[in-house]
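Visitor: What follows is the file input_31.txt, containing compact mmCIF, C-alpha atoms:
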# COMPACT_ATOMS: atom_id res chain seq x y z
CA MET N 1 55.97 -17.44 10.93
CA GLY N 2 54.01 -20.57 10.04
CA ASN N 3 52.15 -20.55 13.37
CA ALA N 4 51.28 -16.88 12.97
CA LEU N 5 49.95 -17.51 9.46
CA LEU N 6 47.93 -20.49 10.68
CA THR N 7 46.51 -18.41 13.53
CA SER N 8 45.53 -15.65 11.12
CA VAL N 9 43.82 -18.13 8.79
CA VAL N 10 41.90 -19.69 11.68
CA MET N 11 40.82 -16.26 12.97
CA LEU N 12 39.70 -15.19 9.51
CA SER N 13 37.79 -18.44 9.09
CA VAL N 14 36.05 -18.00 12.43
CA TYR N 15 35.22 -14.38 11.61
CA GLY N 16 33.95 -15.34 8.17
CA SER N 17 31.84 -18.16 9.55
CA GLY N 18 30.42 -15.88 12.22
CA TYR N 19 29.55 -13.19 9.69
CA PHE N 20 27.98 -15.78 7.36
CA PHE N 21 25.92 -17.20 10.22
CA TYR N 22 24.83 -13.70 11.26
CA GLU N 23 23.66 -12.84 7.72
CA TRP N 24 21.98 -16.23 7.30
CA ARG N 25 20.19 -15.84 10.65
CA LYS N 26 19.01 -12.32 9.71
CA THR N 27 17.69 -13.60 6.37
CA PHE N 28 16.02 -16.58 8.04
CA ILE N 29 14.31 -14.38 10.64
CA ARG N 30 13.07 -11.98 7.95
CA SER N 31 11.68 -14.91 5.91
CA ALA N 32 9.90 -16.24 8.99
CA GLU N 33 8.45 -12.82 9.73
CA LEU N 34 7.21 -12.50 6.15
CA GLU N 35 5.51 -15.89 6.38
CA ARG N 36 3.93 -14.97 9.71
CA GLU N 37 2.77 -11.61 8.37
CA GLY N 38 1.30 -13.31 5.31
CA ALA N 39 -0.53 -15.86 7.45
CA ILE N 40 -1.99 -13.13 9.65
CA SER N 41 -3.07 -11.09 6.62
CA GLN N 42 -4.73 -14.12 5.03
CA LEU N 43 -6.54 -14.91 8.28
CA GLU N 44 -7.85 -11.35 8.54
CA ALA N 45 -8.90 -11.46 4.89
CA LEU N 46 -10.79 -14.70 5.50
CA LYS N 47 -12.53 -13.17 8.50
CA GLN N 48 -13.71 -10.17 6.48
CA GLN N 49 -14.15 -11.66 3.03
CA VAL N 50 -17.58 -11.93 1.50
CA ASP N 51 -18.03 -14.82 -0.90
CA PRO N 52 -16.79 -13.33 -4.20
CA HIS N 53 -19.35 -15.25 -6.24
CA PHE N 54 -22.13 -13.78 -4.13
CA LEU N 55 -20.78 -10.26 -4.60
CA PHE N 56 -20.26 -10.52 -8.36
CA ASN N 57 -23.68 -12.13 -8.84
CA SER N 58 -25.17 -9.27 -6.82
CA LEU N 59 -23.34 -6.71 -8.97
CA ASN N 60 -24.61 -8.37 -12.14
CA THR N 61 -28.16 -8.34 -10.78
CA MET N 62 -27.82 -4.67 -9.88
CA ALA N 63 -26.48 -3.88 -13.37
CA ALA N 64 -29.52 -5.57 -14.90
CA LEU N 65 -31.85 -3.56 -12.65
CA ILE N 66 -30.08 -0.30 -13.54
CA GLY N 67 -30.46 -0.93 -17.25
CA ASP N 68 -29.24 1.83 -19.57
CA ASN N 69 -28.14 4.27 -16.87
CA ALA N 70 -24.57 4.82 -18.12
CA PRO N 71 -23.14 6.61 -15.03
CA ALA N 72 -24.50 3.91 -12.74
CA GLN N 73 -23.10 1.18 -15.02
CA ASP N 74 -19.69 2.88 -14.95
CA PHE N 75 -19.80 3.08 -11.16
CA LEU N 76 -20.65 -0.61 -10.87
CA GLY N 77 -17.85 -1.49 -13.29
CA SER N 78 -15.30 0.40 -11.19
CA LEU N 79 -16.63 -1.15 -8.00
CA ALA N 80 -16.22 -4.62 -9.50
CA SER N 81 -12.67 -3.77 -10.64
CA VAL N 82 -11.75 -2.58 -7.16
CA TYR N 83 -13.06 -5.73 -5.51
CA ARG N 84 -11.39 -7.96 -8.12
CA TYR N 85 -8.02 -6.30 -7.49
CA VAL N 86 -8.32 -6.76 -3.73
CA LEU N 87 -9.08 -10.46 -4.21
CA LEU N 88 -6.31 -11.09 -6.74
CA SER N 89 -3.58 -9.12 -4.93
CA LYS N 90 -4.08 -10.48 -1.42
CA ASP N 91 -1.80 -13.46 -2.07
CA HIS N 92 1.12 -11.28 -3.26
CA SER N 93 3.63 -9.51 -1.03
CA THR N 94 4.24 -6.89 -3.74
CA VAL N 95 2.68 -5.77 -7.03
CA PRO N 96 3.96 -3.54 -9.86
CA LEU N 97 3.26 0.14 -9.26
CA SER N 98 1.52 0.21 -12.65
CA GLN N 99 -1.13 -2.20 -11.33
CA GLU N 100 -1.43 -0.35 -8.03
CA MET N 101 -1.96 2.96 -9.83
CA THR N 102 -4.66 1.47 -12.07
CA PHE N 103 -6.43 0.31 -8.92
CA ALA N 104 -5.92 3.71 -7.28
CA GLU N 105 -7.57 5.41 -10.27
CA GLU N 106 -10.64 3.20 -9.90
CA TYR N 107 -10.73 3.95 -6.17
CA LEU N 108 -10.48 7.69 -6.83
CA TYR N 109 -13.23 7.49 -9.46
CA LEU N 110 -15.61 5.94 -6.94
CA ASN N 111 -14.85 8.70 -4.44
CA ARG N 112 -15.23 11.46 -7.03
CA ILE N 113 -18.75 10.20 -7.71
CA ARG N 114 -19.43 10.71 -4.01
CA PHE N 115 -17.52 13.94 -3.37
CA GLY N 116 -17.38 15.57 -6.81
CA GLU N 117 -15.04 18.55 -7.08
CA GLY N 118 -14.13 18.25 -3.41
CA ILE N 119 -11.23 16.01 -4.46
CA GLN N 120 -8.41 17.25 -6.70
CA VAL N 121 -5.60 14.87 -7.64
CA SER N 122 -2.40 15.56 -9.55
CA ARG N 123 0.14 12.95 -10.70
CA ASP N 124 3.74 13.03 -11.81
CA ILE N 125 5.02 9.49 -12.20
CA ALA N 126 8.18 8.57 -14.08
CA PRO N 127 7.70 5.66 -16.54
CA ALA N 128 10.54 3.74 -14.87
CA ALA N 129 8.73 3.92 -11.54
CA LEU N 130 5.76 1.98 -12.91
CA ARG N 131 7.98 -1.10 -13.23
CA ARG N 132 8.96 -0.98 -9.56
CA HIS N 133 6.93 -2.71 -6.86
CA VAL N 134 4.97 -1.76 -3.73
CA PRO N 135 2.88 -3.82 -1.29
CA PRO N 136 -0.67 -4.20 -2.64
CA LEU N 137 -3.10 -1.45 -1.56
CA ALA N 138 -0.22 0.77 -0.36
CA VAL N 139 -1.17 3.80 -2.47
CA GLN N 140 -4.88 3.26 -1.86
CA LEU N 141 -4.26 3.28 1.90
CA LEU N 142 -2.61 6.71 1.65
CA LEU N 143 -5.53 8.03 -0.39
CA GLU N 144 -8.03 6.59 2.07
CA ASN N 145 -6.08 8.11 4.96
CA ALA N 146 -6.30 11.57 3.37
CA LEU N 147 -10.03 11.21 2.73
CA LYS N 148 -10.76 9.91 6.20
CA HIS N 149 -8.96 12.55 8.25
CA ASN N 150 -9.70 15.75 6.34
CA ALA N 151 -12.76 17.92 5.78
CA PHE N 152 -13.28 19.09 2.21
CA ASP N 153 -15.87 20.31 -0.26
CA ARG N 154 -16.04 22.17 -3.56
CA ASP N 155 -15.01 25.47 -1.97
CA ALA N 156 -12.19 23.95 0.12
CA PRO N 157 -11.06 20.87 -1.83
CA LEU N 158 -8.73 18.14 -0.70
CA ARG N 159 -5.64 18.40 -2.91
CA ILE N 160 -3.70 15.15 -3.28
CA CYS N 161 -0.44 14.92 -5.21
CA ILE N 162 1.15 11.61 -6.24
CA ARG N 163 4.76 11.80 -7.44
CA ALA N 164 7.15 8.97 -8.19
CA GLY N 165 10.74 8.86 -9.37
CA GLU N 166 12.72 5.72 -9.96
CA ASP N 167 13.31 4.97 -6.27
CA VAL N 168 10.51 6.54 -4.21
CA LEU N 169 6.83 7.41 -4.38
CA ARG N 170 5.53 10.42 -2.45
CA VAL N 171 1.90 11.17 -1.67
CA THR N 172 1.00 14.55 -0.18
CA ASN N 173 -2.24 16.24 0.78
CA ASN N 174 -3.23 19.56 2.31
CA VAL N 175 -4.29 19.38 5.95
CA GLN N 176 -7.87 20.37 6.76
CA PRO N 177 -8.65 18.40 9.94
CA LYS N 178 -12.19 17.23 10.53
CA THR N 179 -13.84 18.60 13.63
CA MET N 180 -15.29 15.14 14.24
CA LEU N 181 -13.10 12.25 13.13
CA GLU N 182 -14.54 9.01 11.82
CA SER N 183 -13.95 5.99 14.02
CA SER N 184 -10.49 4.66 13.29
CA THR N 185 -8.06 2.17 14.81
CA ARG N 186 -5.18 4.32 13.47
CA GLN N 187 -3.41 1.10 12.48
CA GLY N 188 -3.33 1.63 8.72
CA LEU N 189 -0.11 3.63 8.43
CA ARG N 190 1.54 1.61 11.17
CA ASN N 191 0.75 -1.63 9.37
CA LEU N 192 2.05 -0.18 6.11
CA VAL N 193 5.33 0.80 7.78
CA ASN N 194 5.65 -2.73 9.20
CA ARG N 195 4.98 -4.30 5.78
CA PHE N 196 7.78 -2.26 4.24
CA ARG N 197 10.09 -3.08 7.16
CA LEU N 198 9.74 -6.76 6.32
CA LEU N 199 10.52 -6.14 2.65
CA THR N 200 13.34 -3.60 2.72
CA ASP N 201 15.79 -1.78 4.98
CA ARG N 202 14.73 1.52 3.42
CA PRO N 203 12.32 3.41 5.70
CA VAL N 204 8.88 4.88 5.08
CA ASP N 205 9.06 8.61 5.74
CA ILE N 206 6.01 10.32 7.30
CA VAL N 207 5.90 14.09 7.80
CA HIS N 208 2.83 15.66 9.42
CA GLY N 209 3.10 19.42 9.04
CA ASP N 210 0.56 22.09 9.88
CA ASP N 211 -0.40 22.59 6.23
CA GLU N 212 0.71 19.38 4.51
CA PHE N 213 0.79 15.67 5.26
CA ALA N 214 3.37 13.69 3.27
CA VAL N 215 4.30 10.01 3.07
CA THR N 216 7.28 8.78 1.06
CA LEU N 217 7.41 5.09 0.17
CA PRO N 218 10.51 3.30 -1.12
CA LEU N 219 9.90 1.63 -4.47
CA LEU N 220 11.01 -1.98 -4.51
CA PRO N 221 12.68 -4.02 -7.26
CA ALA N 222 10.65 -6.69 -8.99
CA PRO N 223 10.99 -10.01 -7.14
Can you dump the structure from the file as structure tokens?

Guide:
Amino acid sequence: MGNALLTSVVMLSVYGSGYFFYEWRKTFIRSAELEREGAISQLEALKQQVDPHFLFNSLNTMAALIGDNAPAQDFLGSLASVYRYVLLSKDHSTVPLSQEMTFAEEYLYLNRIRFGEGIQVSRDIAPAALRRHVPPLAVQLLLENALKHNAFDRDAPLRICIRAGEDVLRVTNNVQPKTMLESSTRQGLRNLVNRFRLLTDRPVDIVHGDDEFAVTLPLLPAP
């Protein structure tokens, strides 16, 4: 009886140690992947980044040249806000959805100046969702993807819907394929999926139908 009990204890200890090591190894690998992903992102940002002082000084000079033209001043203000957000968020793996949505509104404003009534956007976002997190620029990437791959104008607008509950955010748009696509590496969505894979086990869901394109992102808890 004593030997059987001892054997059981040893087997349980070995199993427990093995399970602990497996979970520790999985966590370690994920941490290493996150660090590697962050290093690669920072390197790419450094390759593409214009000196922020140069840009903001240029924007200030342009604002002075524009003078009292209110629409142009508003456009420059939004452009500066967009660039500031990109600079400030690049060192974070996630940001609150509230911040991401504020940035998305500035991004949409800039595109509405360009496309006018060709873009129609509706929103239905639960207050609790705004406290959850997403990778920075995640929502903007989905908006950019819709703008890049669809033809639209005032008579046939691009209709984008942003909905968020407590656990997921869903962005949909009607499908109106361009006859001639802009040059694209088609890496944006793939990179977004990979970023979420490093942060959560919950998948990104992408559905490309004939009439609607939909992407559902899992909302993440605050770190």

Visitor: In Å to one decimal, how far is CA of Leu130 (chain N) from CA of Gln187 (chain N)?

Guide: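 Separation of CA of Gln187 (chain N) and CA of Leu130 (chain N): 27.0 Å.
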
Visitor: CA of Arg190 (chain N) and CA of Leu158 (chain N), how far apart in Å?

Guide: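 Result for CA of Leu158 (chain N) versus CA of Arg190 (chain N): 22.8 Å, one decimal.
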
Visitor: I'd like to know which of N:Asp124, N:Glu106, N:Glu212, N:Glu117 is closest to Asn173 (chain N), using only C-alpha atoms.

Guide: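 Of all the options, N:Glu212 lies closest to Asn173 (chain N).
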
Visitor: Just to confirm, what's the straight-line distance from CA of Ala80 (chain N) to CA of Leu189 (chain N) in Å (one decimal)?

Guide: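 The value is 25.5 Å.
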
Visitor: What's the 10 Å shell around Met101 (chain N), counting only C-alpha atoms, without same-chain residues fewer than 3 positions away, as number ranges by chain?

Guide: N: 96-98, 104-107, 125, 130, 137-140, 162

Visitor: Just write the chosen residues, C-alpha atoms, as a short mmCIF file (atom, residue, chain, number, x, y, z; two decimals), in the frame of the given file.

Guide:
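Result file follows (selection_16.cif):
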data_model
loop_
_atom_site.label_atom_id
_atom_site.label_comp_id
_atom_site.auth_asym_id
_atom_site.auth_seq_id
_atom_site.Cartn_x
_atom_site.Cartn_y
_atom_site.Cartn_z
CA PRO N 96 3.96 -3.54 -9.86
CA LEU N 97 3.26 0.14 -9.26
CA SER N 98 1.52 0.21 -12.65
CA ALA N 104 -5.92 3.71 -7.28
CA GLU N 105 -7.57 5.41 -10.27
CA GLU N 106 -10.64 3.20 -9.90
CA TYR N 107 -10.73 3.95 -6.17
CA ILE N 125 5.02 9.49 -12.20
CA LEU N 130 5.76 1.98 -12.91
CA LEU N 137 -3.10 -1.45 -1.56
CA ALA N 138 -0.22 0.77 -0.36
CA VAL N 139 -1.17 3.80 -2.47
CA GLN N 140 -4.88 3.26 -1.86
CA ILE N 162 1.15 11.61 -6.24
#

Visitor: Excluding same-chain residues fewer than 3 positions from Arg131 (chain N), what lies within 12 Å of it counting only C-alpha atoms, as a list in words?

Guide: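 What passes the distance filter is Thr94, Val95, Pro96, Leu97, Ser98, Gln99, Glu100, Met101, Ile125, Ala126, Pro127, Ala128, Val134, Ala164, Gly165, Glu166, Asp167, Leu219, Leu220, Pro221, Ala222 and Pro223 of chain N.
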
Visitor: Please produce a file of those selected residues containing C-alpha atoms, as a PDB file, in the frame of the given file.

Guide:
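Printed below is out18.pdb as written:
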ATOM      1  CA  THR N  94       4.240  -6.890  -3.740  1.00  0.00           C
ATOM      2  CA  VAL N  95       2.680  -5.770  -7.030  1.00  0.00           C
ATOM      3  CA  PRO N  96       3.960  -3.540  -9.860  1.00  0.00           C
ATOM      4  CA  LEU N  97       3.260   0.140  -9.260  1.00  0.00           C
ATOM      5  CA  SER N  98       1.520   0.210 -12.650  1.00  0.00           C
ATOM      6  CA  GLN N  99      -1.130  -2.200 -11.330  1.00  0.00           C
ATOM      7  CA  GLU N 100      -1.430  -0.350  -8.030  1.00  0.00           C
ATOM      8  CA  MET N 101      -1.960   2.960  -9.830  1.00  0.00           C
ATOM      9  CA  ILE N 125       5.020   9.490 -12.200  1.00  0.00           C
ATOM     10  CA  ALA N 126       8.180   8.570 -14.080  1.00  0.00           C
ATOM     11  CA  PRO N 127       7.700   5.660 -16.540  1.00  0.00           C
ATOM     12  CA  ALA N 128      10.540   3.740 -14.870  1.00  0.00           C
ATOM     13  CA  VAL N 134       4.970  -1.760  -3.730  1.00  0.00           C
ATOM     14  CA  ALA N 164       7.150   8.970  -8.190  1.00  0.00           C
ATOM     15  CA  GLY N 165      10.740   8.860  -9.370  1.00  0.00           C
ATOM     16  CA  GLU N 166      12.720   5.720  -9.960  1.00  0.00           C
ATOM     17  CA  ASP N 167      13.310   4.970  -6.270  1.00  0.00           C
ATOM     18  CA  LEU N 219       9.900   1.630  -4.470  1.00  0.00           C
ATOM     19  CA  LEU N 220      11.010  -1.980  -4.510  1.00  0.00           C
ATOM     20  CA  PRO N 221      12.680  -4.020  -7.260  1.00  0.00           C
ATOM     21  CA  ALA N 222      10.650  -6.690  -8.990  1.00  0.00           C
ATOM     22  CA  PRO N 223      10.990 -10.010  -7.140  1.00  0.00           C
TER      23      PRO N 223
END

Visitor: Determine the nearest neighbour of Leu142 (chain N) from the options N:Ile113, N:Leu88, N:Val82, N:Leu192, counting all atoms listed in the file.

Guide: N:Leu192

Visitor: Quick one: what's the axis-aligned box for region 84-96 of chain N, all listed atoms, 3 Å on every side, centre and edges in Å to one decimal, as AutoDock Vina command-line options?

Guide:
--center_x -3.6 --center_y -8.5 --center_z -5.4 --size_x 21.6 --size_y 15.9 --size_z 14.8

Visitor: Need to verify the contact set: Val193 (chain N), 12 Å, only C-alpha atoms, exclusion of same-chain residues closer than 3 positions in sequence. Can you return it as a VMD selection string?

Guide: chain N and resid 134 to 135 138 141 to 142 187 to 190 196 to 206 215 to 218

Visitor: Have a look at N:Met62, N:Ala151, N:Leu110, N:Ala129 and name the one nearest to Phe75 (chain N); count only C-alpha atoms.

Guide: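 Looking only at the distances to Phe75 (chain N), the closest residue turns out to be N:Leu110.
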
Visitor: Please output region 65-76 of chain N, rebuilt to include all heavy atoms, as a PDB file, keeping the file's coordinate frame.

Guide:
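Resulting contents of selection.pdb:
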ATOM      1  N   LEU N  65     -30.777  -4.411 -13.161  1.00  0.00           N
ATOM      2  CA  LEU N  65     -31.850  -3.560 -12.650  1.00  0.00           C
ATOM      3  C   LEU N  65     -31.641  -2.099 -13.071  1.00  0.00           C
ATOM      4  O   LEU N  65     -32.607  -1.384 -13.340  1.00  0.00           O
ATOM      5  CB  LEU N  65     -31.901  -3.647 -11.120  1.00  0.00           C
ATOM      6  CG  LEU N  65     -32.352  -4.991 -10.540  1.00  0.00           C
ATOM      7  CD1 LEU N  65     -32.177  -4.999  -9.026  1.00  0.00           C
ATOM      8  CD2 LEU N  65     -33.813  -5.272 -10.899  1.00  0.00           C
ATOM      9  N   ILE N  66     -30.375  -1.675 -13.154  1.00  0.00           N
ATOM     10  CA  ILE N  66     -30.080  -0.300 -13.540  1.00  0.00           C
ATOM     11  C   ILE N  66     -30.394  -0.052 -15.001  1.00  0.00           C
ATOM     12  O   ILE N  66     -30.852   1.015 -15.395  1.00  0.00           O
ATOM     13  CB  ILE N  66     -28.599   0.027 -13.239  1.00  0.00           C
ATOM     14  CG1 ILE N  66     -28.382   0.108 -11.727  1.00  0.00           C
ATOM     15  CG2 ILE N  66     -28.174   1.326 -13.911  1.00  0.00           C
ATOM     16  CD1 ILE N  66     -26.937   0.207 -11.323  1.00  0.00           C
ATOM     17  N   GLY N  67     -30.147  -1.066 -15.825  1.00  0.00           N
ATOM     18  CA  GLY N  67     -30.460  -0.930 -17.250  1.00  0.00           C
ATOM     19  C   GLY N  67     -29.515  -0.022 -17.987  1.00  0.00           C
ATOM     20  O   GLY N  67     -28.296  -0.182 -17.907  1.00  0.00           O
ATOM     21  N   ASP N  68     -30.043   0.987 -18.679  1.00  0.00           N
ATOM     22  CA  ASP N  68     -29.240   1.830 -19.570  1.00  0.00           C
ATOM     23  C   ASP N  68     -28.686   3.080 -18.887  1.00  0.00           C
ATOM     24  O   ASP N  68     -28.235   4.000 -19.573  1.00  0.00           O
ATOM     25  CB  ASP N  68     -30.085   2.266 -20.774  1.00  0.00           C
ATOM     26  CG  ASP N  68     -30.491   1.084 -21.645  1.00  0.00           C
ATOM     27  OD1 ASP N  68     -29.717   0.111 -21.683  1.00  0.00           O
ATOM     28  OD2 ASP N  68     -31.561   1.152 -22.267  1.00  0.00           O
ATOM     29  N   ASN N  69     -28.700   3.121 -17.585  1.00  0.00           N
ATOM     30  CA  ASN N  69     -28.140   4.270 -16.870  1.00  0.00           C
ATOM     31  C   ASN N  69     -26.619   4.199 -16.920  1.00  0.00           C
ATOM     32  O   ASN N  69     -25.978   3.507 -16.136  1.00  0.00           O
ATOM     33  CB  ASN N  69     -28.634   4.265 -15.420  1.00  0.00           C
ATOM     34  CG  ASN N  69     -28.238   5.516 -14.664  1.00  0.00           C
ATOM     35  OD1 ASN N  69     -27.133   6.016 -14.798  1.00  0.00           O
ATOM     36  ND2 ASN N  69     -29.168   6.016 -13.849  1.00  0.00           N
ATOM     37  N   ALA N  70     -26.008   4.931 -17.871  1.00  0.00           N
ATOM     38  CA  ALA N  70     -24.570   4.820 -18.120  1.00  0.00           C
ATOM     39  C   ALA N  70     -23.708   5.181 -16.908  1.00  0.00           C
ATOM     40  O   ALA N  70     -22.763   4.445 -16.580  1.00  0.00           O
ATOM     41  CB  ALA N  70     -24.186   5.663 -19.338  1.00  0.00           C
ATOM     42  N   PRO N  71     -23.967   6.287 -16.204  1.00  0.00           N
ATOM     43  CA  PRO N  71     -23.140   6.610 -15.030  1.00  0.00           C
ATOM     44  C   PRO N  71     -23.192   5.518 -13.959  1.00  0.00           C
ATOM     45  O   PRO N  71     -22.167   5.181 -13.361  1.00  0.00           O
ATOM     46  CB  PRO N  71     -23.752   7.918 -14.521  1.00  0.00           C
ATOM     47  CG  PRO N  71     -24.384   8.530 -15.720  1.00  0.00           C
ATOM     48  CD  PRO N  71     -24.925   7.369 -16.503  1.00  0.00           C
ATOM     49  N   ALA N  72     -24.375   4.966 -13.736  1.00  0.00           N
ATOM     50  CA  ALA N  72     -24.500   3.910 -12.740  1.00  0.00           C
ATOM     51  C   ALA N  72     -23.751   2.649 -13.189  1.00  0.00           C
ATOM     52  O   ALA N  72     -23.117   1.962 -12.382  1.00  0.00           O
ATOM     53  CB  ALA N  72     -25.968   3.587 -12.485  1.00  0.00           C
ATOM     54  N   GLN N  73     -23.824   2.330 -14.493  1.00  0.00           N
ATOM     55  CA  GLN N  73     -23.100   1.180 -15.020  1.00  0.00           C
ATOM     56  C   GLN N  73     -21.591   1.370 -14.858  1.00  0.00           C
ATOM     57  O   GLN N  73     -20.866   0.440 -14.502  1.00  0.00           O
ATOM     58  CB  GLN N  73     -23.452   0.944 -16.488  1.00  0.00           C
ATOM     59  CG  GLN N  73     -24.873   0.486 -16.754  1.00  0.00           C
ATOM     60  CD  GLN N  73     -25.085  -0.981 -16.390  1.00  0.00           C
ATOM     61  OE1 GLN N  73     -24.182  -1.671 -15.955  1.00  0.00           O
ATOM     62  NE2 GLN N  73     -26.303  -1.463 -16.576  1.00  0.00           N
ATOM     63  N   ASP N  74     -21.116   2.591 -15.113  1.00  0.00           N
ATOM     64  CA  ASP N  74     -19.690   2.880 -14.950  1.00  0.00           C
ATOM     65  C   ASP N  74     -19.264   2.723 -13.491  1.00  0.00           C
ATOM     66  O   ASP N  74     -18.187   2.190 -13.193  1.00  0.00           O
ATOM     67  CB  ASP N  74     -19.376   4.311 -15.421  1.00  0.00           C
ATOM     68  CG  ASP N  74     -19.489   4.460 -16.928  1.00  0.00           C
ATOM     69  OD1 ASP N  74     -19.468   3.425 -17.628  1.00  0.00           O
ATOM     70  OD2 ASP N  74     -19.607   5.611 -17.391  1.00  0.00           O
ATOM     71  N   PHE N  75     -20.110   3.198 -12.589  1.00  0.00           N
ATOM     72  CA  PHE N  75     -19.800   3.080 -11.160  1.00  0.00           C
ATOM     73  C   PHE N  75     -19.710   1.611 -10.750  1.00  0.00           C
ATOM     74  O   PHE N  75     -18.774   1.204 -10.052  1.00  0.00           O
ATOM     75  CB  PHE N  75     -20.879   3.792 -10.342  1.00  0.00           C
ATOM     76  CG  PHE N  75     -20.599   3.812  -8.866  1.00  0.00           C
ATOM     77  CD1 PHE N  75     -19.857   4.833  -8.299  1.00  0.00           C
ATOM     78  CD2 PHE N  75     -21.090   2.816  -8.032  1.00  0.00           C
ATOM     79  CE1 PHE N  75     -19.597   4.858  -6.939  1.00  0.00           C
ATOM     80  CE2 PHE N  75     -20.837   2.822  -6.674  1.00  0.00           C
ATOM     81  CZ  PHE N  75     -20.091   3.850  -6.122  1.00  0.00           C
ATOM     82  N   LEU N  76     -20.673   0.817 -11.193  1.00  0.00           N
ATOM     83  CA  LEU N  76     -20.650  -0.610 -10.870  1.00  0.00           C
ATOM     84  C   LEU N  76     -19.418  -1.300 -11.448  1.00  0.00           C
ATOM     85  O   LEU N  76     -18.812  -2.160 -10.819  1.00  0.00           O
ATOM     86  CB  LEU N  76     -21.910  -1.296 -11.393  1.00  0.00           C
ATOM     87  CG  LEU N  76     -23.169  -1.207 -10.527  1.00  0.00           C
ATOM     88  CD1 LEU N  76     -24.315  -1.944 -11.203  1.00  0.00           C
ATOM     89  CD2 LEU N  76     -22.910  -1.784  -9.144  1.00  0.00           C
TER      90      LEU N  76
END
